[in-house]
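The structure file query-v1.cif is reproduced below (mmCIF, C-alpha atoms).
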```cif
data_protein
#
loop_
_atom_site.label_atom_id
_atom_site.label_comp_id
_atom_site.auth_asym_id
_atom_site.auth_seq_id
_atom_site.Cartn_x
_atom_site.Cartn_y
_atom_site.Cartn_z
CA MET A 1 82.42 185.48 252.73
CA ALA A 2 80.05 184.52 249.99
CA LYS A 3 80.28 186.51 246.79
CA THR A 4 77.33 187.70 244.75
CA ILE A 5 77.60 186.39 241.25
CA LYS A 6 76.17 188.85 238.75
CA ASN A 7 74.36 187.33 235.79
CA TYR A 8 75.90 189.54 233.11
CA PRO A 9 76.13 186.84 230.41
CA MET A 10 72.41 186.08 230.69
CA LYS A 11 71.51 189.76 230.44
CA PHE A 12 73.78 190.18 227.46
CA THR A 13 72.16 187.14 225.84
CA TYR A 14 68.66 188.55 226.24
CA ALA A 15 69.79 191.95 224.97
CA GLY A 16 71.50 190.34 221.99
CA VAL A 17 68.41 188.37 221.02
CA LEU A 18 66.22 191.46 221.33
CA LEU A 19 68.65 193.52 219.25
CA ALA A 20 68.88 190.80 216.61
CA CYS A 21 65.08 190.71 216.31
CA THR A 22 64.43 194.44 216.26
CA LEU A 23 67.38 195.73 214.23
CA PRO A 24 66.28 194.26 210.85
CA ILE A 25 62.76 195.56 211.34
CA ALA A 26 64.04 199.00 212.34
CA LEU A 27 66.31 199.14 209.29
CA GLN A 28 63.46 198.13 206.98
CA LEU A 29 61.19 200.77 208.46
CA LEU A 30 63.92 203.38 208.15
CA PHE A 31 64.57 202.71 204.49
CA LEU A 32 60.87 202.39 203.69
CA SER A 33 60.20 205.69 205.46
CA LEU A 34 62.76 207.39 203.22
CA GLU A 35 61.39 205.69 200.12
CA SER A 36 58.68 207.12 197.91
CA PRO A 37 57.41 204.11 195.98
CA SER A 38 56.51 204.45 192.32
CA GLY A 39 52.87 205.35 191.83
CA ALA A 40 52.42 206.90 195.28
CA LEU A 41 50.22 209.95 195.68
CA ASP A 42 53.02 212.39 196.32
CA ILE A 43 50.60 215.24 195.57
CA LEU A 44 48.10 214.02 198.17
CA ARG A 45 48.17 215.82 201.50
CA PRO A 46 46.38 214.99 204.75
CA PRO A 47 42.69 215.98 204.60
CA PRO A 48 41.57 218.65 207.05
CA PHE A 49 40.64 217.46 210.53
CA TRP A 50 37.19 218.91 211.11
CA SER A 51 35.73 219.68 214.51
CA LEU A 52 31.95 220.02 214.74
CA HIS A 53 32.33 223.80 214.97
CA GLN A 54 34.49 223.87 211.86
CA MET A 55 32.03 221.59 210.04
CA ALA A 56 29.22 224.01 210.82
CA ASN A 57 31.14 227.04 209.56
CA TYR A 58 33.29 225.51 206.84
CA ARG A 59 34.01 227.71 203.83
CA TRP A 60 34.12 225.38 200.83
CA ARG A 61 36.68 225.89 198.09
CA ILE A 62 34.93 225.27 194.78
CA ASN A 63 37.03 224.43 191.71
CA THR A 64 40.03 225.90 193.60
CA THR A 65 38.94 229.47 192.75
CA SER A 66 35.75 230.40 194.59
CA GLU A 67 34.50 230.03 198.14
CA PHE A 68 30.94 229.45 199.34
CA MET A 69 29.56 229.25 202.85
CA CYS A 70 27.93 225.95 203.79
CA VAL A 71 25.91 225.44 206.96
CA PHE A 72 25.36 221.85 208.02
CA LEU A 73 21.80 221.13 209.16
CA HIS A 74 21.33 218.18 211.50
CA LEU A 75 19.19 215.28 210.38
CA PRO A 76 15.93 215.29 212.35
CA LYS A 77 15.17 212.35 214.61
CA GLU A 78 12.03 211.74 212.58
CA VAL A 79 13.98 210.11 209.71
CA ILE A 80 11.76 207.24 208.53
CA LYS A 81 13.47 203.85 208.77
CA LEU A 82 12.40 201.60 205.90
CA GLY A 83 12.86 197.86 206.40
CA GLU A 84 14.43 198.32 209.83
CA GLY A 85 15.94 195.10 211.15
CA VAL A 86 15.55 193.35 207.79
CA LEU A 87 17.95 195.14 205.45
CA LYS A 88 21.58 194.20 206.14
CA GLN A 89 23.75 197.20 205.37
CA PRO A 90 21.96 198.50 202.23
CA GLU A 91 24.83 200.40 200.60
CA HIS A 92 23.03 201.93 197.62
CA VAL A 93 19.51 202.82 196.48
CA ALA A 94 17.98 203.08 192.98
CA VAL A 95 14.42 203.71 191.77
CA ASP A 96 12.52 202.68 188.63
CA LYS A 97 9.85 204.54 186.62
CA LEU A 98 7.06 203.10 188.78
CA GLY A 99 8.63 204.39 191.98
CA VAL A 100 9.86 201.00 193.19
CA LEU A 101 13.06 201.27 195.22
CA TYR A 102 15.90 198.76 194.85
CA THR A 103 18.78 198.11 197.19
CA THR A 104 21.54 195.54 197.69
CA THR A 105 22.38 193.97 201.05
CA ARG A 106 25.37 192.15 202.56
CA ASP A 107 23.49 188.84 202.67
CA GLY A 108 23.25 188.81 198.89
CA PHE A 109 19.67 190.00 198.42
CA ILE A 110 18.36 192.52 195.95
CA ILE A 111 15.39 193.99 197.77
CA ARG A 112 12.46 195.78 196.18
CA LEU A 113 10.56 198.32 198.29
CA HIS A 114 7.15 198.86 196.74
CA LYS A 115 5.22 202.12 197.02
CA ASN A 116 2.66 200.46 199.30
CA GLY A 117 5.43 199.88 201.84
CA THR A 118 5.99 196.15 201.31
CA LEU A 119 9.43 194.59 200.99
CA GLU A 120 10.22 191.89 198.45
CA ASN A 121 13.30 189.66 198.48
CA TRP A 122 13.37 189.87 194.70
CA ARG A 123 16.65 188.12 193.90
CA GLN A 124 19.41 186.45 195.88
CA ILE A 125 22.94 186.31 194.55
CA ASN A 126 25.68 184.29 196.19
CA SER A 127 27.69 187.39 197.09
CA ASP A 128 28.18 189.75 200.00
CA ALA A 129 29.84 192.33 197.77
CA LEU A 130 26.86 193.82 195.91
CA LEU A 131 27.33 197.59 195.72
CA GLY A 132 26.12 200.28 193.30
CA LEU A 133 23.12 199.75 191.04
CA THR A 134 21.03 201.56 188.46
CA VAL A 135 17.79 200.96 186.54
CA THR A 136 18.15 201.07 182.74
CA ALA A 137 15.76 202.66 180.28
CA ALA A 138 14.58 199.15 179.40
CA GLY A 139 13.72 198.47 183.04
CA ASP A 140 16.61 196.10 183.78
CA LEU A 141 18.71 196.43 186.91
CA ILE A 142 22.47 196.78 186.50
CA VAL A 143 24.43 195.87 189.63
CA CYS A 144 28.09 196.20 190.54
CA ASP A 145 29.44 193.10 192.25
CA ALA A 146 32.88 193.78 193.71
CA ASP A 147 33.80 190.12 193.16
CA MET A 148 32.08 189.13 189.89
CA GLY A 149 31.95 192.38 187.90
CA LEU A 150 28.98 193.99 186.18
CA LEU A 151 25.65 192.14 186.43
CA LYS A 152 22.24 192.46 184.80
CA VAL A 153 19.25 191.43 186.89
CA ASP A 154 15.75 191.07 185.44
CA GLU A 155 12.71 188.82 185.71
CA ASP A 156 14.59 186.04 183.94
CA GLY A 157 17.45 185.95 186.45
CA VAL A 158 21.02 187.19 186.75
CA THR A 159 23.51 187.61 183.90
CA VAL A 160 27.19 188.56 184.17
CA LEU A 161 27.65 191.31 181.58
CA ALA A 162 31.35 191.91 182.10
CA SER A 163 33.87 190.07 184.24
CA HIS A 164 36.97 191.15 182.28
CA LEU A 165 38.19 194.24 180.46
CA ASN A 166 39.01 194.23 176.77
CA ASN A 167 42.70 193.86 177.66
CA GLY A 168 41.98 190.60 179.47
CA ALA A 169 42.29 191.99 183.01
CA GLN A 170 39.70 190.76 185.45
CA ILE A 171 37.27 193.37 186.73
CA SER A 172 37.79 193.69 190.46
CA PHE A 173 35.93 195.89 192.92
CA ALA A 174 33.26 197.32 190.62
CA ALA A 175 31.70 200.04 192.78
CA ASP A 176 29.00 202.12 191.02
CA VAL A 177 27.32 202.30 187.63
CA VAL A 178 25.16 204.62 185.53
CA GLU A 179 23.58 204.29 182.07
CA SER A 180 23.63 207.01 179.42
CA SER A 181 20.84 207.64 176.92
CA ASP A 182 22.76 205.81 174.17
CA GLY A 183 22.78 202.63 176.25
CA LEU A 184 26.42 202.78 177.34
CA ARG A 185 27.12 201.87 180.97
CA TYR A 186 29.85 203.71 182.84
CA PHE A 187 31.07 202.12 186.03
CA SER A 188 33.87 202.66 188.51
CA ILE A 189 36.52 200.24 189.67
CA ALA A 190 37.54 201.38 193.14
CA SER A 191 40.83 199.50 193.17
CA THR A 192 42.61 197.17 190.79
CA LYS A 193 44.76 195.88 193.64
CA HIS A 194 42.64 195.52 196.78
CA GLY A 195 39.18 194.03 197.10
CA PHE A 196 35.99 195.00 198.90
CA HIS A 197 36.85 193.10 202.06
CA ASN A 198 40.22 194.77 202.53
CA TRP A 199 39.51 198.20 201.07
CA GLN A 200 41.32 199.77 204.03
CA LEU A 201 44.62 198.59 202.55
CA ASP A 202 43.98 200.68 199.46
CA ALA A 203 43.40 203.72 201.66
CA HIS A 204 46.65 203.22 203.53
CA GLU A 205 48.61 202.56 200.35
CA THR A 206 47.44 205.89 198.89
CA LYS A 207 48.12 204.89 195.31
CA LEU A 208 46.05 205.59 192.22
CA ASN A 209 44.49 202.16 191.73
CA GLY A 210 41.03 203.32 190.58
CA GLN A 211 39.52 203.34 187.09
CA LEU A 212 36.45 204.52 185.18
CA VAL A 213 35.20 201.93 182.68
CA LYS A 214 32.77 202.09 179.74
CA TYR A 215 30.73 199.00 178.89
CA ASP A 216 29.21 198.81 175.40
CA PRO A 217 26.34 196.27 175.42
CA MET A 218 26.23 196.17 171.61
CA LEU A 219 29.87 195.08 171.38
CA ASN A 220 29.89 193.36 174.77
CA VAL A 221 33.16 195.11 175.52
CA ALA A 222 34.35 196.86 178.69
CA SER A 223 37.19 199.35 178.23
CA VAL A 224 38.94 201.76 180.59
CA VAL A 225 38.38 205.45 179.86
CA LEU A 226 40.16 206.87 182.94
CA HIS A 227 43.15 205.41 184.79
CA ASN A 228 44.93 206.49 187.96
CA LEU A 229 41.98 207.48 190.13
CA GLY A 230 42.20 207.68 193.91
CA PHE A 231 39.64 204.99 194.80
CA ALA A 232 36.99 205.65 192.14
CA ASN A 233 33.61 205.36 193.81
CA GLY A 234 30.30 207.02 192.95
CA VAL A 235 29.45 207.84 189.31
CA ALA A 236 26.69 210.14 188.02
CA LEU A 237 25.67 211.66 184.69
CA SER A 238 24.83 215.34 184.33
CA ALA A 239 21.27 216.32 183.46
CA ASP A 240 22.30 217.01 179.84
CA GLN A 241 24.47 213.86 179.82
CA ASP A 242 27.46 215.78 178.52
CA TYR A 243 29.73 214.89 181.43
CA LEU A 244 30.19 212.38 184.24
CA VAL A 245 31.06 213.13 187.84
CA VAL A 246 33.30 210.54 189.49
CA CYS A 247 34.05 210.54 193.22
CA GLU A 248 37.69 209.96 194.17
CA THR A 249 37.33 208.95 197.79
CA TRP A 250 40.94 209.06 199.01
CA LYS A 251 41.60 212.39 197.27
CA TYR A 252 38.52 214.09 198.80
CA ILE A 253 37.46 215.39 195.37
CA CYS A 254 34.89 214.77 192.66
CA LEU A 255 36.15 214.72 189.10
CA LYS A 256 34.26 215.93 186.01
CA TYR A 257 34.85 213.91 182.82
CA TRP A 258 33.37 215.22 179.58
CA ILE A 259 31.77 212.64 177.26
CA GLU A 260 30.14 215.03 174.77
CA GLY A 261 30.85 218.40 173.15
CA ASP A 262 34.06 220.27 172.46
CA LEU A 263 35.59 219.14 175.76
CA LYS A 264 34.92 215.44 175.13
CA GLY A 265 37.63 213.31 176.71
CA LYS A 266 38.84 216.10 179.02
CA ARG A 267 38.80 215.97 182.79
CA GLU A 268 38.63 218.70 185.42
CA ILE A 269 37.85 219.10 189.09
CA PHE A 270 34.14 219.40 189.84
CA ILE A 271 34.60 220.05 193.57
CA ASP A 272 37.55 219.51 195.90
CA ASN A 273 38.71 220.08 199.47
CA LEU A 274 35.63 218.28 200.74
CA PRO A 275 35.18 217.88 204.53
CA GLY A 276 34.77 214.14 204.09
CA ALA A 277 35.58 211.37 201.63
CA PRO A 278 33.01 211.27 198.79
CA ASP A 279 31.33 207.89 198.42
CA ASN A 280 28.30 207.63 196.12
CA ILE A 281 26.77 210.43 194.06
CA ASN A 282 23.30 210.72 192.49
CA LEU A 283 21.72 213.19 190.11
CA ALA A 284 18.83 215.15 191.64
CA PRO A 285 15.65 216.08 189.71
CA ASP A 286 16.76 219.74 189.46
CA GLY A 287 20.11 218.85 187.89
CA SER A 288 22.17 219.13 191.08
CA PHE A 289 23.93 216.22 192.76
CA TRP A 290 23.63 214.54 196.15
CA ILE A 291 26.96 213.28 197.51
CA ALA A 292 27.45 211.13 200.60
CA LEU A 293 30.63 211.94 202.54
CA ILE A 294 32.07 209.22 204.74
CA GLN A 295 34.14 210.38 207.66
CA LEU A 296 37.64 208.91 207.85
CA ARG A 297 40.73 209.82 209.81
CA PRO A 298 43.55 208.15 207.88
CA ARG A 299 45.94 211.02 208.46
CA LEU A 300 49.10 209.01 209.18
CA MET A 301 48.79 207.09 205.94
CA TYR A 302 49.75 210.22 203.99
CA VAL A 303 53.05 210.81 205.73
CA SER A 304 54.51 207.53 206.97
CA TRP A 305 55.77 204.85 204.62
CA ALA A 306 56.87 202.94 207.72
CA LEU A 307 53.27 202.72 208.87
CA LYS A 308 52.25 201.49 205.43
CA TYR A 309 54.76 198.66 205.74
CA VAL A 310 53.50 197.68 209.19
CA ILE A 311 49.90 197.59 207.91
CA ARG A 312 51.01 195.53 204.91
CA VAL A 313 52.48 192.97 207.30
CA PHE A 314 49.56 193.16 209.74
CA PRO A 315 46.48 193.93 207.58
CA ARG A 316 44.05 193.87 210.48
CA LEU A 317 45.62 197.05 211.77
CA GLY A 318 44.28 198.80 208.68
CA LYS A 319 40.68 198.71 209.89
CA TRP A 320 41.69 200.24 213.20
CA MET A 321 43.97 202.89 211.72
CA ILE A 322 41.44 204.08 209.14
CA GLY A 323 39.45 205.64 212.00
CA LEU A 324 35.99 205.23 210.46
CA GLN A 325 33.56 207.51 212.26
CA ASN A 326 29.85 206.98 212.85
CA LYS A 327 28.79 210.47 211.80
CA ALA A 328 26.77 210.89 208.60
CA VAL A 329 27.13 213.75 206.09
CA VAL A 330 25.38 214.37 202.75
CA VAL A 331 25.77 217.46 200.59
CA ASN A 332 23.78 218.84 197.67
CA ILE A 333 26.01 220.38 194.99
CA ALA A 334 24.70 222.41 192.03
CA SER A 335 25.86 221.69 188.49
CA ASP A 336 28.24 224.67 188.69
CA GLY A 337 29.91 223.21 191.79
CA SER A 338 28.28 225.53 194.32
CA VAL A 339 26.87 224.19 197.58
CA VAL A 340 23.07 224.17 197.76
CA ARG A 341 22.40 222.52 201.15
CA SER A 342 23.60 219.73 203.37
CA PHE A 343 22.59 217.49 206.25
CA ASP A 344 24.63 215.77 208.90
CA ASN A 345 24.28 213.65 212.01
CA PRO A 346 27.43 214.26 214.10
CA THR A 347 26.73 211.50 216.63
CA GLY A 348 25.47 208.84 214.24
CA LYS A 349 22.44 208.22 216.47
CA VAL A 350 19.94 208.94 213.70
CA MET A 351 21.99 207.38 210.90
CA SER A 352 25.66 206.41 210.68
CA PHE A 353 28.12 205.88 207.83
CA VAL A 354 25.72 207.03 205.11
CA THR A 355 27.12 205.89 201.75
CA SER A 356 24.48 207.18 199.31
CA ALA A 357 21.67 209.72 199.03
CA LEU A 358 18.94 209.56 196.37
CA GLU A 359 16.25 212.20 195.88
CA PHE A 360 12.85 211.04 194.60
CA GLU A 361 9.43 212.68 194.76
CA GLY A 362 10.32 215.09 197.56
CA TYR A 363 12.16 212.59 199.74
CA LEU A 364 15.82 211.80 200.29
CA TYR A 365 16.69 208.11 200.64
CA PHE A 366 19.89 207.10 202.45
CA GLY A 367 21.95 203.94 202.02
CA SER A 368 24.46 202.83 204.64
CA LEU A 369 27.08 200.15 205.31
CA GLN A 370 26.34 200.21 209.05
CA ASN A 371 22.57 200.50 209.44
CA ASP A 372 19.90 197.83 209.02
CA PHE A 373 17.44 200.12 207.23
CA ILE A 374 17.10 202.71 204.46
CA GLY A 375 16.58 206.23 205.76
CA LYS A 376 13.80 208.35 204.29
CA LEU A 377 13.79 212.11 204.89
CA PRO A 378 11.06 214.52 203.69
CA LEU A 379 12.99 217.41 202.17
CA THR A 380 10.26 219.80 203.34
CA THR A 381 10.93 218.87 206.98
CA SER A 382 12.71 221.47 209.05
CA PRO A 383 16.09 220.09 210.14
CA ALA A 384 16.97 219.80 213.80
CA HIS A 385 19.41 222.27 215.29
#
```
Could you rewrite the structure in this file as structure tokens?
Amino acid sequence: MAKTIKNYPMKFTYAGVLLACTLPIALQLLFLSLESPSGALDILRPPPFWSLHQMANYRWRINTTSEFMCVFLHLPKEVIKLGEGVLKQPEHVAVDKLGVLYTTTRDGFIIRLHKNGTLENWRQINSDALLGLTVTAAGDLIVCDADMGLLKVDEDGVTVLASHLNNGAQISFAADVVESSDGLRYFSIASTKHGFHNWQLDAHETKLNGQLVKYDPMLNVASVVLHNLGFANGVALSADQDYLVVCETWKYICLKYWIEGDLKGKREIFIDNLPGAPDNINLAPDGSFWIALIQLRPRLMYVSWALKYVIRVFPRLGKWMIGLQNKAVVVNIASDGSVVRSFDNPTGKVMSFVTSALEFEGYLYFGSLQNDFIGKLPLTTSPAH
């Protein structure tokens, strides 16, 4: 009678190879999960997960002491689309004294939108990392280039104002800039470790890699005034120019930093517990601020060091895990931190991934890293419900 020969050695060989491959990885993940690396945001907790109902009835916690009711009003479908199909992901918007709008696009153009409705490809810079910009009192345009640093753009061309800090460190990931009345330029560095094209890694790392920098054009010196920020993003000056507001995206807060008066050099929370990650911020004509909130779902990054390690090994997973949503949210915050009004588009069908909101002459202008236009909303228009 023939005997069945069982292939135990082959099975054991396969099992041994599999165990040999997976055991080192499992051990690394185990130890990394128990580790709390130096510089990690141990104080950072997962942001709230907001349903549409919660978003509409969210009670904001202002300066950790007071609560205000905020009702989100939907963006109407009649949002005007400026430069539709021409503007490639215009992230930020600025305006000069003549009412000319400026924006930067991913194909390296600085576009001017004139009041008569015409578009002008004013300047082209060999960069796809042009971000925040502001118009100076002298009429020059100051632009943050996440790769090159701080730029000045005028009729004569493009000049690199600052590519390095006064300590010799290269400026990386310059995000937004504003000029004070004394000519100083304050700009944010989102991350000193990760660049514009892999910003998701900074989110998953949850470390304080951001900075606020002061550039003195008289001395031609850029120096850090605030370290250890959680992805420093939008920057705005108060109406009296006695303090700056800096958005810390990964911490879901906006920080107030005093530059004048008895509190000069002090920092405090301007608003926290936001139902979205604050991106850019702009001063409104009435002294309030418009803040764009991007909608992320990076919840696991706050609790799993093992996941951080996996993403470090496989960076492309970072874009998927960040859970970027298409919805758009902008909020108007008074100088005392109270909520004035807000707009949102839960489906992203009107506008998606709004990164900035600028108020000018009764209109709100929206920048975005997903749309191919600048949104224009009459603030007198009744929102959709």
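Distance check against Tyr102 in chain A using all atoms listed in the file: of A:Ala129, A:Val153, A:Val158, A:Met148, the minimum falls on A:Val153.
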Q: Translate the PyMOL selection byres ((chain A and resi 131) around 12), as applied to the file shown, into an explicit residue set as a PyMOL selection string.
A: chain A and resi 89-94+102-110+127-130+132-134+142-151+173-177+187-190+196+233-234+279-280+355-356+367-369
Q | Answer key for the PyMOL selection byres ((chain A and resi 217-220) around 9), residues as a PyMOL selection string | A | chain A and resi 161-162+183-185+215-216+221-222
Q) In Å to one decimal, how far is CA of Pro278 in chain A from CA of Ile294 in chain A? A) 6.4 Å
Hey, what comes out of the PyMOL selection byres ((chain A and resi 243-251) around 6) on this file? Could you write it as a PDB file with C-alpha atoms, keeping the file's coordinate frame?
```pdb
ATOM      1  CA  GLY A 230      42.200 207.680 193.910  1.00  0.00           C
ATOM      2  CA  PHE A 231      39.640 204.990 194.800  1.00  0.00           C
ATOM      3  CA  ALA A 232      36.990 205.650 192.140  1.00  0.00           C
ATOM      4  CA  ASN A 233      33.610 205.360 193.810  1.00  0.00           C
ATOM      5  CA  GLY A 234      30.300 207.020 192.950  1.00  0.00           C
ATOM      6  CA  VAL A 235      29.450 207.840 189.310  1.00  0.00           C
ATOM      7  CA  ALA A 236      26.690 210.140 188.020  1.00  0.00           C
ATOM      8  CA  LEU A 237      25.670 211.660 184.690  1.00  0.00           C
ATOM      9  CA  SER A 238      24.830 215.340 184.330  1.00  0.00           C
ATOM     10  CA  GLN A 241      24.470 213.860 179.820  1.00  0.00           C
ATOM     11  CA  ASP A 242      27.460 215.780 178.520  1.00  0.00           C
ATOM     12  CA  TYR A 252      38.520 214.090 198.800  1.00  0.00           C
ATOM     13  CA  ILE A 253      37.460 215.390 195.370  1.00  0.00           C
ATOM     14  CA  CYS A 254      34.890 214.770 192.660  1.00  0.00           C
ATOM     15  CA  LEU A 255      36.150 214.720 189.100  1.00  0.00           C
ATOM     16  CA  LYS A 256      34.260 215.930 186.010  1.00  0.00           C
ATOM     17  CA  TYR A 257      34.850 213.910 182.820  1.00  0.00           C
ATOM     18  CA  TRP A 258      33.370 215.220 179.580  1.00  0.00           C
ATOM     19  CA  ILE A 259      31.770 212.640 177.260  1.00  0.00           C
ATOM     20  CA  ALA A 277      35.580 211.370 201.630  1.00  0.00           C
ATOM     21  CA  PRO A 278      33.010 211.270 198.790  1.00  0.00           C
TER      22      PRO A 278
END
```
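Across the structure, CA of Asp372 in chain A and CA of Val350 in chain A are spaced 12.1 Å apart.
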